[in-house]
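J.: This is the content of final-v7.cif (mmCIF, C-alpha atoms):
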```cif
data_final
loop_
_atom_site.label_atom_id
_atom_site.label_comp_id
_atom_site.auth_asym_id
_atom_site.auth_seq_id
_atom_site.Cartn_x
_atom_site.Cartn_y
_atom_site.Cartn_z
CA PHE N 18 96.22 140.52 124.11
CA SER N 19 93.20 141.45 121.99
CA PRO N 20 90.67 138.61 121.58
CA THR N 21 89.65 138.06 117.96
CA THR N 22 86.01 137.43 119.03
CA ASN N 23 83.79 138.74 121.80
CA LEU N 24 84.04 137.00 125.14
CA ASN N 25 81.16 134.87 126.42
CA TYR N 26 78.49 136.10 128.84
CA SER N 27 78.81 135.15 132.53
CA THR N 28 82.19 133.49 132.07
CA THR N 29 85.28 133.61 134.30
CA TYR N 30 88.54 134.06 132.37
CA THR N 31 92.07 133.60 133.70
CA ALA N 32 95.01 135.56 132.30
CA THR N 33 98.64 134.44 132.89
CA LEU N 34 102.01 136.09 132.41
CA THR N 35 104.85 133.48 132.39
CA THR N 36 108.53 133.77 133.29
CA GLY N 37 109.23 133.72 129.58
CA ILE N 38 108.69 137.48 129.63
CA LYS N 39 111.97 139.34 130.22
CA ASP N 40 112.93 142.91 130.77
CA ALA N 41 115.40 144.76 128.54
CA ASP N 42 118.31 143.41 130.62
CA GLY N 43 117.21 139.78 130.11
CA ASN N 44 115.72 139.27 133.55
CA SER N 45 112.63 137.06 133.66
CA ILE N 46 109.56 138.37 135.44
CA TYR N 47 107.80 136.48 138.15
CA SER N 48 104.80 134.58 136.78
CA TYR N 49 101.49 136.36 137.36
CA THR N 50 97.90 135.14 137.12
CA TRP N 51 94.55 136.92 137.59
CA SER N 52 90.88 136.29 136.81
CA PHE N 53 87.80 138.27 135.84
CA THR N 54 84.16 137.49 134.99
CA THR N 55 82.16 138.90 132.09
CA VAL N 56 78.68 140.46 132.35
CA ALA N 57 75.49 138.40 132.40
CA GLN N 58 73.47 138.11 129.23
CA PRO N 59 70.80 140.85 129.16
CA ILE N 60 67.17 139.79 129.35
CA ILE N 61 65.51 140.48 126.02
CA ASP N 62 61.84 141.50 126.23
CA THR N 63 59.88 139.36 123.81
CA MET N 64 56.55 139.42 125.68
CA SER N 65 53.53 141.16 124.16
CA PRO N 66 51.95 143.93 126.24
CA THR N 67 48.61 143.22 127.90
CA VAL N 68 45.74 145.33 129.23
CA SER N 69 45.65 145.71 133.01
CA SER N 70 42.42 147.68 133.37
CA VAL N 71 39.85 149.72 131.44
CA THR N 72 37.40 152.51 132.26
CA PRO N 73 34.45 152.34 131.82
CA GLY N 74 34.66 148.71 132.81
CA ALA N 75 33.62 145.85 130.58
CA ASN N 76 29.80 145.54 130.45
CA ALA N 77 29.39 148.66 132.60
CA THR N 78 25.94 150.28 132.47
CA ASN N 79 24.58 153.78 133.14
CA VAL N 80 27.89 155.22 131.94
CA PRO N 81 27.83 159.07 131.92
CA LEU N 82 27.56 160.65 128.49
CA ASN N 83 30.69 162.78 129.00
CA SER N 84 32.92 159.80 129.75
CA SER N 85 36.36 159.23 128.25
CA VAL N 86 37.71 155.74 127.56
CA THR N 87 40.94 154.86 129.36
CA THR N 88 43.16 151.82 129.06
CA THR N 89 46.05 150.95 131.36
CA LEU N 90 48.74 148.65 129.98
CA ASN N 91 51.03 146.37 131.99
CA GLU N 92 54.25 148.03 130.83
CA ALA N 93 55.73 151.11 129.21
CA MET N 94 54.53 151.61 125.66
CA ASP N 95 55.85 153.13 122.46
CA ALA N 96 53.88 156.39 122.55
CA THR N 97 54.10 156.78 118.77
CA THR N 98 51.87 153.71 118.37
CA ILE N 99 49.11 155.09 120.62
CA SER N 100 46.71 156.94 118.31
CA THR N 101 43.16 157.14 116.97
CA SER N 102 44.02 154.37 114.53
CA THR N 103 45.03 151.89 117.24
CA ILE N 104 42.50 152.86 119.95
CA THR N 105 38.96 153.18 118.63
CA LEU N 106 35.38 153.53 119.84
CA THR N 107 32.23 152.63 117.89
CA ASP N 108 28.52 152.88 118.69
CA GLY N 109 25.88 150.17 118.43
CA SER N 110 25.65 150.66 114.66
CA ASN N 111 29.42 150.32 114.29
CA ASN N 112 29.81 154.03 113.55
CA PRO N 113 33.19 155.37 114.69
CA VAL N 114 33.28 157.94 117.47
CA THR N 115 35.67 160.77 116.68
CA GLY N 116 37.95 162.14 119.36
CA THR N 117 41.54 162.54 120.54
CA VAL N 118 43.91 159.95 122.02
CA THR N 119 46.63 160.77 124.55
CA TYR N 120 49.19 158.63 126.38
CA ASN N 121 50.50 159.06 129.94
CA ALA N 122 53.93 157.43 130.12
CA GLY N 123 54.02 157.62 133.92
CA THR N 124 51.00 155.34 134.30
CA ALA N 125 51.13 153.57 130.91
CA THR N 126 47.56 154.78 130.34
CA ALA N 127 45.98 155.66 127.00
CA THR N 128 42.87 157.86 126.95
CA LEU N 129 40.37 158.39 124.15
CA LYS N 130 38.29 161.54 124.69
CA PRO N 131 35.23 161.73 122.39
CA ALA N 132 34.80 165.01 120.52
CA THR N 133 31.14 165.19 121.60
CA ILE N 134 29.09 163.64 124.39
CA LEU N 135 27.92 160.08 123.88
CA ASN N 136 24.32 159.12 123.13
CA TYR N 137 21.77 157.93 125.67
CA SER N 138 21.07 154.20 126.08
CA THR N 139 23.73 153.16 123.59
CA THR N 140 26.18 150.27 123.73
CA TYR N 141 29.68 151.33 122.70
CA THR N 142 32.60 149.06 121.83
CA ALA N 143 36.20 150.09 122.48
CA THR N 144 39.11 148.36 120.75
CA ILE N 145 42.88 148.37 121.23
CA THR N 146 44.45 146.91 118.11
CA THR N 147 47.60 144.90 117.58
CA GLY N 148 49.12 148.08 116.17
CA VAL N 149 50.15 149.22 119.67
CA LYS N 150 53.68 148.29 120.75
CA ASP N 151 55.58 148.27 124.02
CA ALA N 152 58.87 150.11 124.47
CA ALA N 153 60.77 147.01 123.27
CA GLY N 154 58.80 146.92 120.03
CA ASN N 155 56.49 144.01 120.85
CA ASN N 156 52.95 144.27 119.43
CA MET N 157 49.77 143.35 121.27
CA ALA N 158 49.17 139.67 120.53
CA THR N 159 45.49 140.16 119.64
CA ASN N 160 42.97 142.99 119.53
CA PHE N 161 41.51 143.78 122.95
CA THR N 162 37.81 144.67 122.84
CA TRP N 163 35.19 145.50 125.47
CA SER N 164 31.77 147.17 125.59
CA PHE N 165 29.77 149.42 127.90
CA THR N 166 26.34 151.06 127.82
CA THR N 167 25.43 154.67 128.52
CA GLY N 168 22.58 155.65 130.82
CA ALA N 169 19.02 156.37 129.78
CA GLY N 170 17.93 159.95 129.18
CA PRO N 171 15.82 162.00 131.59
CA THR N 172 12.11 161.25 131.68
CA ILE N 173 8.96 163.27 132.33
CA THR N 174 7.91 162.78 135.95
CA SER N 175 4.83 165.01 136.03
CA VAL N 176 2.81 167.55 134.04
CA TYR N 177 0.20 170.18 134.91
CA PRO N 178 -2.57 170.19 133.91
CA THR N 179 -2.53 166.43 133.91
CA SER N 180 -3.24 164.46 130.77
CA SER N 181 -6.94 164.58 129.78
CA GLN N 182 -7.76 166.82 132.77
CA THR N 183 -10.98 168.82 132.38
CA GLY N 184 -12.24 171.97 134.04
CA VAL N 185 -8.80 173.54 133.94
CA PRO N 186 -8.88 177.24 134.99
CA LEU N 187 -8.39 179.67 132.12
CA ASN N 188 -5.49 181.40 133.84
CA SER N 189 -3.50 178.19 134.44
CA ILE N 190 0.20 177.87 133.83
CA ILE N 191 1.33 174.77 131.92
CA ALA N 192 4.21 172.97 133.59
CA VAL N 193 6.39 169.93 133.11
CA THR N 194 8.85 168.33 135.52
CA ILE N 195 11.64 165.97 134.43
CA SER N 196 13.88 163.55 136.29
CA ALA N 197 17.05 165.64 135.92
CA THR N 198 18.13 169.26 136.20
CA MET N 199 17.36 171.12 132.98
CA ASP N 200 19.76 173.15 130.87
CA CYS N 201 17.55 176.21 131.31
CA LYS N 202 19.76 178.50 129.24
CA ASN N 203 19.20 176.46 126.09
CA ASN N 204 15.70 175.18 126.88
CA LYS N 205 13.96 178.55 127.35
CA ASN N 206 13.00 178.50 123.71
CA LYS N 207 9.51 178.52 122.22
CA ASN N 208 10.57 175.73 119.85
CA ASN N 209 11.39 173.45 122.77
CA PHE N 210 8.12 173.92 124.68
CA THR N 211 4.99 174.56 122.64
CA VAL N 212 1.29 174.62 123.43
CA LYS N 213 -1.27 174.53 120.61
CA TYR N 214 -5.08 174.63 120.42
CA ASP N 215 -7.91 174.35 117.89
CA ASN N 216 -6.50 174.01 114.38
CA ASN N 217 -2.84 173.89 115.38
CA ILE N 218 -2.77 177.48 116.61
CA GLN N 219 0.24 178.05 118.84
CA LEU N 220 -0.32 179.71 122.19
CA THR N 221 2.10 182.56 122.98
CA GLY N 222 3.68 183.36 126.31
CA PRO N 223 6.96 183.43 128.25
CA ILE N 224 8.74 180.24 129.28
CA ASN N 225 10.28 180.01 132.73
CA CYS N 226 12.74 177.30 133.69
CA ASN N 227 14.14 176.43 137.10
CA GLY N 228 15.89 173.24 138.13
CA THR N 229 13.80 170.32 136.98
CA THR N 230 10.67 172.27 136.07
CA ALA N 231 9.64 174.41 133.08
#
```
I need this file expressed as structure tokens, please.
T.:
Amino acid sequence: FSPTTNLNYSTTYTATLTTGIKDADGNSIYSYTWSFTTVAQPIIDTMSPTVSSVTPGANATNVPLNSSVTTTLNEAMDATTISTSTITLTDGSNNPVTGTVTYNAGTATATLKPATILNYSTTYTATITTGVKDAAGNNMATNFTWSFTTGAGPTITSVYPTSSQTGVPLNSIIAVTISATMDCKNNKNKNNFTVKYDNNIQLTGPINCNGTTA
């Protein structure tokens, strides 16, 4: 018996063989009945994916300049839809930040890594667009957007001689201390630390840098 249409989901069917069936010698069989139940209807995913968490967090401040932007979704995603066109970062002037986007299927996390460090004291806006899809093909219902602000740059904490100081010895060094450790390799440059006198004459001499002081 081959049904002309598919059976129904979650349904019990009963099959019966009657005594009208005979063997080759004309003997009727005993009647026989048995039952079986079909499979349940599969659950079809029609729900849009949502964002579970983001880093840096929404409205975070003093964010390090070398930060990446990560987004964790609530379900497995279609990795082909996770890209620089669907996950973006812009600065306070709405200029796009270039970088690379990767997706970790094990944690359902997308990461945007900027190509260069971020700027000081700048509010950035990250966006996940409706172009991203979950594994079932459902798009994000709406764009998800949040912002964070990077930390302020280092500041000058002290100088020697002090500003407007008089009677400074002729053999004095000239020093500056900042609020963070210096990149001494790149800062030991006469163009980064200059001293001039009279009619804009530049004083010559070696520059030493150590920790927070040059």
J.: Pick the closest to N:Thr174 from N:Ala192, N:Leu135, N:Met157, N:Ala143: which is it, counting only C-alpha atoms?
T.: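 Result for the nearest residue to N:Thr174: N:Ala192.
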J.: Taking the file as I've supplied it (selection: the PyMOL selection byres ((chain N and resi 148) around 12)), which residues are included? Please answer as a PyMOL selection string.
T.: chain N and resi 65-66+94-105+144-147+149-151+154-161
J.: Residues near N:Thr229, anyone? I mean within 8 Å using all atoms listed in the file, not counting same-chain ones fewer than 2 positions away, as a ChimeraX atom specification.
T.: /N:194-199,226-227,231
J.: Pull C-alpha atoms from the residues just selected and write them as a CSV table (one decimal), in the coordinates of the input.
T.:
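Final output, saved to part-v2.csv:
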```
chain,number,residue,atom,x,y,z
N,194,THR,CA,8.8,168.3,135.5
N,195,ILE,CA,11.6,166.0,134.4
N,196,SER,CA,13.9,163.6,136.3
N,197,ALA,CA,17.0,165.6,135.9
N,198,THR,CA,18.1,169.3,136.2
N,199,MET,CA,17.4,171.1,133.0
N,226,CYS,CA,12.7,177.3,133.7
N,227,ASN,CA,14.1,176.4,137.1
N,231,ALA,CA,9.6,174.4,133.1
```
J.: I'd like to see the residues matched by the PyMOL selection byres ((chain N and resi 206-222) around 10) on this file, and ideally I'd get them as a PyMOL selection string.
T.: chain N and resi 190-193+201-205+223-225+231
J.: Distance cut-off 12 Å, centre (47.4, 156.5, 131.5) in file coordinates, counting all atoms listed in the file: which residues qualify? Return them as a PyMOL selection string.
T.: chain N and resi 68-72+85-94+96+99+118-129
J.: For N:Thr172, which of N:Thr117, N:Thr55, N:Thr230, N:Ser27 is the closest residue, counting only C-alpha atoms?
T.: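 The shortest atom-to-atom distance to N:Thr172 comes from N:Thr230.
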J.: Applying 12 Å and only C-alpha atoms, which residues near N:Ser52 remain after dropping the ones on its own chain fewer than 4 positions away? List them as a VMD selection string.
T.: chain N and resid 28 to 34
J.: Considering all atoms listed in the file, return as a VMD selection string whatever protein or nucleic-acid residues lie within 10 Å of N:Ala77, sequence-local ones (same chain, fewer than 2 positions apart) excluded.
T.: chain N and resid 72 to 75 79 to 80 140 163 to 168
J.: Would you mind putting back N, CA, C and O atoms on stretch 171-182 of chain N, then writing it out as an mmCIF file, in the coordinates of the input?
T.:
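The resulting part.cif:
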```cif
data_model
loop_
_atom_site.group_PDB
_atom_site.id
_atom_site.type_symbol
_atom_site.label_atom_id
_atom_site.label_comp_id
_atom_site.auth_asym_id
_atom_site.auth_seq_id
_atom_site.Cartn_x
_atom_site.Cartn_y
_atom_site.Cartn_z
ATOM 1 N N PRO N 171 16.804 161.586 130.588
ATOM 2 C CA PRO N 171 15.820 162.000 131.590
ATOM 3 C C PRO N 171 14.393 161.742 131.097
ATOM 4 O O PRO N 171 14.136 161.733 129.891
ATOM 5 N N THR N 172 13.505 161.538 132.028
ATOM 6 C CA THR N 172 12.110 161.250 131.680
ATOM 7 C C THR N 172 11.176 162.285 132.319
ATOM 8 O O THR N 172 11.549 162.977 133.276
ATOM 9 N N ILE N 173 9.976 162.378 131.763
ATOM 10 C CA ILE N 173 8.960 163.270 132.330
ATOM 11 C C ILE N 173 8.393 162.623 133.582
ATOM 12 O O ILE N 173 7.932 161.481 133.555
ATOM 13 N N THR N 174 8.440 163.344 134.703
ATOM 14 C CA THR N 174 7.910 162.780 135.950
ATOM 15 C C THR N 174 6.514 163.305 136.279
ATOM 16 O O THR N 174 5.752 162.632 136.966
ATOM 17 N N SER N 175 6.188 164.503 135.787
ATOM 18 C CA SER N 175 4.830 165.010 136.030
ATOM 19 C C SER N 175 4.543 166.178 135.090
ATOM 20 O O SER N 175 5.472 166.830 134.598
ATOM 21 N N VAL N 176 3.248 166.406 134.844
ATOM 22 C CA VAL N 176 2.810 167.550 134.040
ATOM 23 C C VAL N 176 1.598 168.192 134.716
ATOM 24 O O VAL N 176 0.871 167.542 135.468
ATOM 25 N N TYR N 177 1.397 169.481 134.430
ATOM 26 C CA TYR N 177 0.200 170.180 134.910
ATOM 27 C C TYR N 177 -0.265 171.129 133.819
ATOM 28 O O TYR N 177 0.561 171.871 133.278
ATOM 29 N N PRO N 178 -1.518 171.123 133.485
ATOM 30 C CA PRO N 178 -2.570 170.190 133.910
ATOM 31 C C PRO N 178 -2.233 168.755 133.513
ATOM 32 O O PRO N 178 -1.491 168.537 132.561
ATOM 33 N N THR N 179 -2.810 167.825 134.216
ATOM 34 C CA THR N 179 -2.530 166.430 133.910
ATOM 35 C C THR N 179 -3.181 166.028 132.604
ATOM 36 O O THR N 179 -4.086 166.706 132.100
ATOM 37 N N SER N 180 -2.721 164.920 132.056
ATOM 38 C CA SER N 180 -3.240 164.460 130.770
ATOM 39 C C SER N 180 -4.744 164.200 130.853
ATOM 40 O O SER N 180 -5.225 163.551 131.798
ATOM 41 N N SER N 181 -5.475 164.747 129.904
ATOM 42 C CA SER N 181 -6.940 164.580 129.780
ATOM 43 C C SER N 181 -7.718 165.264 130.898
ATOM 44 O O SER N 181 -8.921 165.018 131.069
ATOM 45 N N GLN N 182 -7.059 166.115 131.691
ATOM 46 C CA GLN N 182 -7.760 166.820 132.770
ATOM 47 C C GLN N 182 -8.787 167.774 132.169
ATOM 48 O O GLN N 182 -8.566 168.407 131.149
#
```
